[in-house]
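Asks: Below you will find the structure I want to go over with you.
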Amino acid sequence: MSSPKYSVFFGCLVDTPSLNELRIRTNGALGVDQTTGRIIGIGDDVTDSSTGSAEALVASWTGSQASVKGDVQVTVLSSDQFLLPGLIDTHTHAPQFAFLGIGHDLPLMDWLEKYTFKHESSFKDIELARNFYSGAINRVISNGVTFAAYYGTIHVESNRILADTIRKAGQRAFVGKVCMDVNSPSYYSESTAESIAGTEQFVKAVLGDQGNESGARLVTPIVTPRFAPTCSMESLRGLGDVARRYQLPVQSHLCENPSEVAFVKQLFPDCTSYADVYHRAGLLGKRSIMAHCVHMGAEDIRLLRESGACVSHCPTSNFALGSGIADVRRLMNNGIPVGLGTDVGGGYTPSILDAMRMAAAANRALIAGRRDRGEILEGRDGVPLEAGEAVFLATQGGARVMGMADQLGSLDSGKLFDAIVVDLNVPLSPVPAVSSTPAVKCLEDHPDEAWRVRLEQFVFLADDRNITRVYVNGNLIHAKQT
Ligand code: GUN
Ligand code: FE
């Protein structure tokens, strides 16, 4: 028997269409066309979750008179479960999963030299890549990440294995061949020509490998100069040219650490700011993802704003490496799109949920420090980042950073169905049961308010145990064994 053409989910739907809008549809219904992987309709206040009701909904959403009997798979979520758009990690390094939690006593430049470059150089061995990457990718997926922007290493073949592993696992991703042609150790460096030609070779391979695959393309190559200190202006310009010719996104690091910023100033004395280095190379645009952006001057901010470039906020990493605290409200007030990144292994965990609460903690620390210095904070600048805002950064905000805000990030008709099922009542759940949470129990007559409290608990307490199903393009790519 062929699998049903449609799926309908009944239960609580949670999403954040905008930063300030936490939308909770307690009795929702959501339909997916399994052929296209897209959401075909949403129902609000639907209390009948029978197969007949699902079939009637599908018929009304598709406008089809033809019978959909037997062609609809129904999933009824429990009262502890909700559907959320898939979590988006806008910045992570796949090879760095091997030294999670190590070396956080060192600042960025020393950490790179002592651990990172040495470790990444071992991916010259493609067998190691083959053995290592599938475990790393499975871990990212089990954390509910449906879409991630990965850095690989400088090695084209190992990066192809990475891209292939992700595609086979069914995750959506940007994958980049790391480029570094100067100020890099002899055992982990390449020539300018290798940076540019290697990137083009990798781009062609990844685009070619996916040929006529049905549904929206899962893996897209991303042009990846590691960061200004390890790239010559010639290589940066060449990479800018590749991005333009192939219409590809770009990712790099920007203003992460004070010593790094000082080094860039020394290396590029003609540039007016760190961001200006990328700008002059043609690497700043709407499809550019700049990680960190902690130590930003007015000129850096201006260049990002005017070019439309986006920011990956990586608070876990910024705390772990002691880099500083990015002012996300300042970035967002300037109209710069912001999403969240785990920055494994500068960050010690692939959990975007951790990044969400770290973003909240970072923002609180920033506000407290300012108030201590006597600053008067006005409007939202004085309001700590809320749970709903953290969800926005991890979903719709991330989708904008990845250039797919119109395709992903919220539960709206027409969007691709990249989503997770959250279950707050699993064995060993870090989120307490409703029965032992009087604060929720007493809200029984106010289901919207009760869900708001549960969502806050999800953001501040939950982990991968609570993420029980992961869907990309409508396909179930991960399910927790129960
Ligand atoms: N800057 C250049 N390379 C890296 C890296 O691998 N991790 C982080 N956090 N920052 C970088
Ligand atoms: Fe990074």
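Letters A, B, ... mark the chains of the structure tokens in the order given; residue numbers begin at 1 per chain; ligand numbers begin at 1, in order shown.
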How would you report the residues lying within 10 Å of ligand 2, as a compact mmCIF listing (two decimals) with N, CA, C and O atoms, in the first residue's frame, if you count only C-alpha atoms and all ligand atoms?
Replies:
# COMPACT_ATOMS: atom_id res chain seq x y z
N HIS A 91 24.65 28.69 12.84
CA HIS A 91 26.12 28.66 12.85
C HIS A 91 26.66 27.50 13.68
O HIS A 91 26.54 27.50 14.90
N THR A 92 27.25 26.52 13.00
CA THR A 92 27.88 25.43 13.74
C THR A 92 29.01 24.83 12.90
O THR A 92 29.07 25.03 11.69
N HIS A 93 29.93 24.13 13.58
CA HIS A 93 31.09 23.54 12.90
C HIS A 93 31.02 22.03 13.09
O HIS A 93 31.29 21.52 14.19
N GLN A 96 33.91 20.02 14.73
CA GLN A 96 34.27 20.38 16.11
C GLN A 96 33.47 19.65 17.18
O GLN A 96 33.69 19.86 18.37
N LEU A 108 39.60 33.06 22.18
CA LEU A 108 39.43 32.59 20.79
C LEU A 108 40.72 32.21 20.06
O LEU A 108 40.87 31.07 19.60
N TYR A 150 26.36 24.72 8.39
CA TYR A 150 27.57 24.03 8.88
C TYR A 150 28.84 24.56 8.23
O TYR A 150 28.86 24.82 7.02
N TYR A 151 29.89 24.64 9.01
CA TYR A 151 31.25 24.76 8.48
C TYR A 151 31.80 23.35 8.47
O TYR A 151 31.58 22.58 9.43
N ARG A 226 36.90 31.46 6.38
CA ARG A 226 36.82 31.20 7.83
C ARG A 226 36.60 32.50 8.60
O ARG A 226 35.63 32.64 9.33
N PHE A 227 37.51 33.45 8.47
CA PHE A 227 37.36 34.82 8.98
C PHE A 227 38.52 35.64 8.44
O PHE A 227 39.51 35.08 7.94
N GLN A 251 28.99 32.67 4.59
CA GLN A 251 29.06 32.72 6.05
C GLN A 251 30.50 32.99 6.49
O GLN A 251 31.46 32.57 5.84
N SER A 252 30.62 33.72 7.59
CA SER A 252 31.94 33.94 8.17
C SER A 252 31.77 34.40 9.62
O SER A 252 30.65 34.44 10.13
N HIS A 253 32.91 34.70 10.26
CA HIS A 253 32.89 35.22 11.63
C HIS A 253 33.19 36.71 11.59
O HIS A 253 33.99 37.15 10.78
N LEU A 254 32.56 37.46 12.48
CA LEU A 254 32.76 38.91 12.51
C LEU A 254 32.76 39.44 13.95
O LEU A 254 31.83 39.15 14.72
N GLU A 256 34.19 38.87 16.87
CA GLU A 256 33.88 37.93 17.95
C GLU A 256 34.63 38.30 19.24
O GLU A 256 34.07 38.19 20.33
N MET A 290 26.77 36.49 9.33
CA MET A 290 27.95 36.85 10.10
C MET A 290 27.78 36.38 11.54
O MET A 290 26.85 36.80 12.24
N ALA A 291 28.68 35.49 11.98
CA ALA A 291 28.54 34.93 13.32
C ALA A 291 29.17 35.85 14.36
O ALA A 291 30.21 36.46 14.11
N HIS A 292 28.51 35.92 15.50
CA HIS A 292 28.96 36.59 16.73
C HIS A 292 28.60 38.08 16.78
O HIS A 292 27.74 38.46 17.53
N SER A 312 24.31 35.76 13.14
CA SER A 312 24.07 34.57 13.95
C SER A 312 24.59 34.86 15.35
O SER A 312 25.79 35.02 15.56
N CYS A 314 25.54 33.80 18.93
CA CYS A 314 26.01 32.52 19.50
C CYS A 314 26.38 32.69 20.97
O CYS A 314 27.56 32.63 21.35
N SER A 317 28.66 30.03 22.99
CA SER A 317 30.07 30.15 22.63
C SER A 317 30.67 31.42 23.22
O SER A 317 31.78 31.41 23.76
N GLY A 341 22.85 30.67 16.89
CA GLY A 341 23.80 29.64 16.50
C GLY A 341 24.36 28.97 17.74
O GLY A 341 24.49 29.60 18.79
N THR A 342 24.69 27.69 17.61
CA THR A 342 25.32 26.99 18.74
C THR A 342 26.83 27.19 18.71
O THR A 342 27.50 27.07 19.72
N ASP A 343 27.39 27.44 17.51
CA ASP A 343 28.84 27.54 17.33
C ASP A 343 29.60 26.40 17.99
O ASP A 343 30.63 26.63 18.62
N VAL A 344 29.10 25.19 17.88
CA VAL A 344 29.91 24.03 18.30
C VAL A 344 31.22 24.11 17.53
O VAL A 344 31.22 24.41 16.31
N GLY A 345 32.42 23.90 18.14
CA GLY A 345 32.68 23.62 19.51
C GLY A 345 33.17 24.82 20.30
O GLY A 345 33.63 24.62 21.42
N GLY A 346 33.08 26.11 19.76
CA GLY A 346 33.27 27.24 20.66
C GLY A 346 32.18 27.17 21.71
O GLY A 346 32.41 27.38 22.90
N GLY A 347 30.97 26.82 21.26
CA GLY A 347 29.87 26.50 22.18
C GLY A 347 29.98 25.02 22.52
O GLY A 347 30.37 24.22 21.68
Asks: Which one of A:Arg25, A:Arg305, A:His279, A:Arg38 sits closest to Ser7 of chain A if you count only C-alpha atoms?
Replies: A:Arg38
Asks: Got a sec: who's within 12 Å of segment 372-380 of chain A, counting only C-alpha atoms, leaving out chain neighbours fewer than 6 positions off, as JSON, numbers by chain?
Replies: {"A": [19, 20, 328, 329, 330, 332, 333, 363, 365, 366, 386, 389]}
Asks: Could those selected residues go to a file with all heavy atoms, as a compact mmCIF listing (two decimals), in the first residue's frame?
Replies:
# COMPACT_ATOMS: atom_id res chain seq x y z
N LEU A 19 8.69 38.90 16.04
CA LEU A 19 9.40 38.92 17.33
C LEU A 19 8.45 39.04 18.52
O LEU A 19 8.64 38.42 19.56
CB LEU A 19 10.42 40.07 17.32
CG LEU A 19 11.29 40.24 18.56
CD1 LEU A 19 12.22 39.05 18.75
CD2 LEU A 19 12.11 41.54 18.46
N ASN A 20 7.44 39.87 18.35
CA ASN A 20 6.55 40.14 19.49
C ASN A 20 5.26 39.35 19.47
O ASN A 20 4.34 39.65 20.20
CB ASN A 20 6.21 41.64 19.52
CG ASN A 20 7.47 42.46 19.64
OD1 ASN A 20 8.36 42.11 20.40
ND2 ASN A 20 7.55 43.51 18.86
N VAL A 328 21.91 42.07 20.98
CA VAL A 328 20.98 41.70 19.90
C VAL A 328 19.87 42.73 19.70
O VAL A 328 19.41 42.93 18.59
CB VAL A 328 20.36 40.29 20.07
CG1 VAL A 328 21.40 39.21 19.91
CG2 VAL A 328 19.65 40.14 21.38
N ARG A 329 19.48 43.40 20.80
CA ARG A 329 18.44 44.44 20.62
C ARG A 329 18.98 45.58 19.75
O ARG A 329 18.27 46.10 18.90
CB ARG A 329 17.99 44.98 21.97
CG ARG A 329 17.17 44.00 22.77
CD ARG A 329 15.74 44.53 22.99
NE ARG A 329 15.06 43.71 23.97
CZ ARG A 329 14.12 42.82 23.67
NH1 ARG A 329 13.75 42.64 22.42
NH2 ARG A 329 13.54 42.11 24.61
N ARG A 330 20.23 45.95 19.96
CA ARG A 330 20.83 47.02 19.14
C ARG A 330 20.85 46.60 17.67
O ARG A 330 20.50 47.37 16.78
CB ARG A 330 22.26 47.29 19.63
CG ARG A 330 23.02 48.33 18.84
CD ARG A 330 24.46 48.39 19.36
NE ARG A 330 25.29 49.34 18.65
CZ ARG A 330 26.61 49.18 18.48
NH1 ARG A 330 27.21 48.09 18.97
NH2 ARG A 330 27.32 50.08 17.84
N MET A 332 18.90 44.32 16.21
CA MET A 332 17.53 44.23 15.69
C MET A 332 16.91 45.62 15.53
O MET A 332 16.19 45.88 14.56
CB MET A 332 16.67 43.35 16.59
CG MET A 332 17.10 41.88 16.52
SD MET A 332 15.97 40.71 17.30
CE MET A 332 16.10 41.12 19.02
N ASN A 333 17.22 46.55 16.46
CA ASN A 333 16.71 47.92 16.32
C ASN A 333 17.24 48.57 15.05
O ASN A 333 16.63 49.50 14.53
CB ASN A 333 17.13 48.78 17.53
CG ASN A 333 16.37 48.39 18.79
OD1 ASN A 333 15.36 47.70 18.71
ND2 ASN A 333 16.87 48.80 19.94
N ASN A 363 21.28 38.60 27.49
CA ASN A 363 20.55 39.85 27.43
C ASN A 363 20.32 40.44 28.82
O ASN A 363 20.45 41.65 29.04
CB ASN A 363 19.22 39.62 26.70
CG ASN A 363 18.41 40.87 26.58
OD1 ASN A 363 17.45 41.06 27.31
ND2 ASN A 363 18.79 41.76 25.69
N ALA A 365 22.25 39.93 31.45
CA ALA A 365 23.55 40.40 31.95
C ALA A 365 23.87 41.77 31.34
O ALA A 365 24.37 42.67 32.03
CB ALA A 365 24.64 39.39 31.60
N LEU A 366 23.55 41.92 30.07
CA LEU A 366 23.82 43.18 29.37
C LEU A 366 23.00 44.32 29.99
O LEU A 366 23.52 45.41 30.28
CB LEU A 366 23.44 43.01 27.90
CG LEU A 366 24.07 43.96 26.91
CD1 LEU A 366 25.53 43.59 26.69
CD2 LEU A 366 23.33 43.87 25.57
N GLU A 386 12.30 37.75 26.21
CA GLU A 386 11.28 36.83 26.72
C GLU A 386 11.34 35.47 26.02
O GLU A 386 11.94 35.35 24.94
CB GLU A 386 9.90 37.46 26.49
CG GLU A 386 9.67 38.66 27.38
CD GLU A 386 8.50 39.51 26.92
OE1 GLU A 386 7.84 39.14 25.93
OE2 GLU A 386 8.25 40.55 27.57
N GLU A 389 10.34 35.50 22.47
CA GLU A 389 11.34 36.12 21.60
C GLU A 389 12.48 35.14 21.33
O GLU A 389 13.04 35.11 20.22
CB GLU A 389 11.87 37.40 22.25
CG GLU A 389 10.83 38.51 22.32
CD GLU A 389 11.35 39.77 22.99
OE1 GLU A 389 11.80 39.67 24.16
OE2 GLU A 389 11.31 40.84 22.37
Asks: Find the spatial neighbours of Arg357 of chain A, counting only C-alpha atoms, within a cut-off of 12 Å - ignore same-chain residues fewer than 3 positions away - and output them as a ChimeraX atom specification.
Replies: /A:314-316,340,342,351-354,360-364,384-391,393-394,456-463
Asks: Calculated over only C-alpha atoms, which of the candidates A:Ile40, A:Asp327, A:Glu200, A:Ile137 has the smallest distance to Ala59 of chain A?
Replies: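 The shortest atom-to-atom distance to Ala59 of chain A comes from A:Ile40.
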Asks: If you measure from atom CA of Ser3 of chain A to atom CA of Thr47 of chain A, what distance in Å do you get, rounded to one decimal?
Replies: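 Separation of atom CA of Ser3 of chain A and atom CA of Thr47 of chain A: 25.8 Å.
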Asks: Quick one: residues within 8 Å of Gly43 of chain A, only C-alpha atoms, excluding same-chain residues fewer than 4 positions away - as a list in words?
Replies: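 Selected residues are Gly28, Ala29 and Leu30 of chain A.
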Asks: Give me, as a list in words, all polymer residues having an atom no more than 12 Å from Phe99 of chain A, counting only C-alpha atoms and skipping those fewer than 4 positions away in the same chain.
Replies: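 Skipping anything fewer than 4 positions along the chain leaves His93, Ala94, Pro95, Gly103, His104, Trp111, Leu112, Lys114, Tyr115, Thr116, Phe117, Lys118, His119, Glu120, Ala136, Val344, Gly345, Gly346, Gly347, Tyr348 and Thr349 of chain A.
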Asks: Counting only C-alpha atoms and all ligand atoms, figure out which residue out of A:Lys286, A:Lys415, A:His313, A:Arg400 gets nearest to ligand 1.
Replies: A:His313
Asks: Got a sec: who's within 7 Å of Val472 of chain A, counting only C-alpha atoms, leaving out chain neighbours fewer than 3 positions off, as a ChimeraX atom specification?
Replies: /A:146,170-171,417-419,475-477
Asks: Given only C-alpha atoms and all ligand atoms as the basis, pick out the residue of A:Val58, A:Cys442, A:Leu321, A:Leu83 nearest to ligand 1.
Replies: A:Leu321
Asks: Could you find all residues in segment 183-300 of chain A that DSSP calls strand (DSSP E) from the backbone, and write them as an MDAnalysis selection string?
Replies: chainID A and resid 219:221 224:225 250:254 288:292
Asks: Given only C-alpha atoms and all ligand atoms as the basis, pick out the residue of A:Pro350, A:Pro225, A:Gly369, A:Gly474 nearest to ligand 1.
Replies: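 Looking at the shortest contact to ligand 1, the residue is A:Pro225.
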Asks: Rank A:Val294, A:Val219, A:Val8, A:Val156 by their smallest atom-to-atom distance to ligand 1, using only C-alpha atoms and all ligand atoms, and report the top residue only.
Replies: A:Val294
Asks: Please, what distance in Å, to one decimal, runs between atom CA of Asp15 of chain A and atom CA of Asp448 of chain A?
Replies: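 Separation of atom CA of Asp15 of chain A and atom CA of Asp448 of chain A: 13.1 Å.
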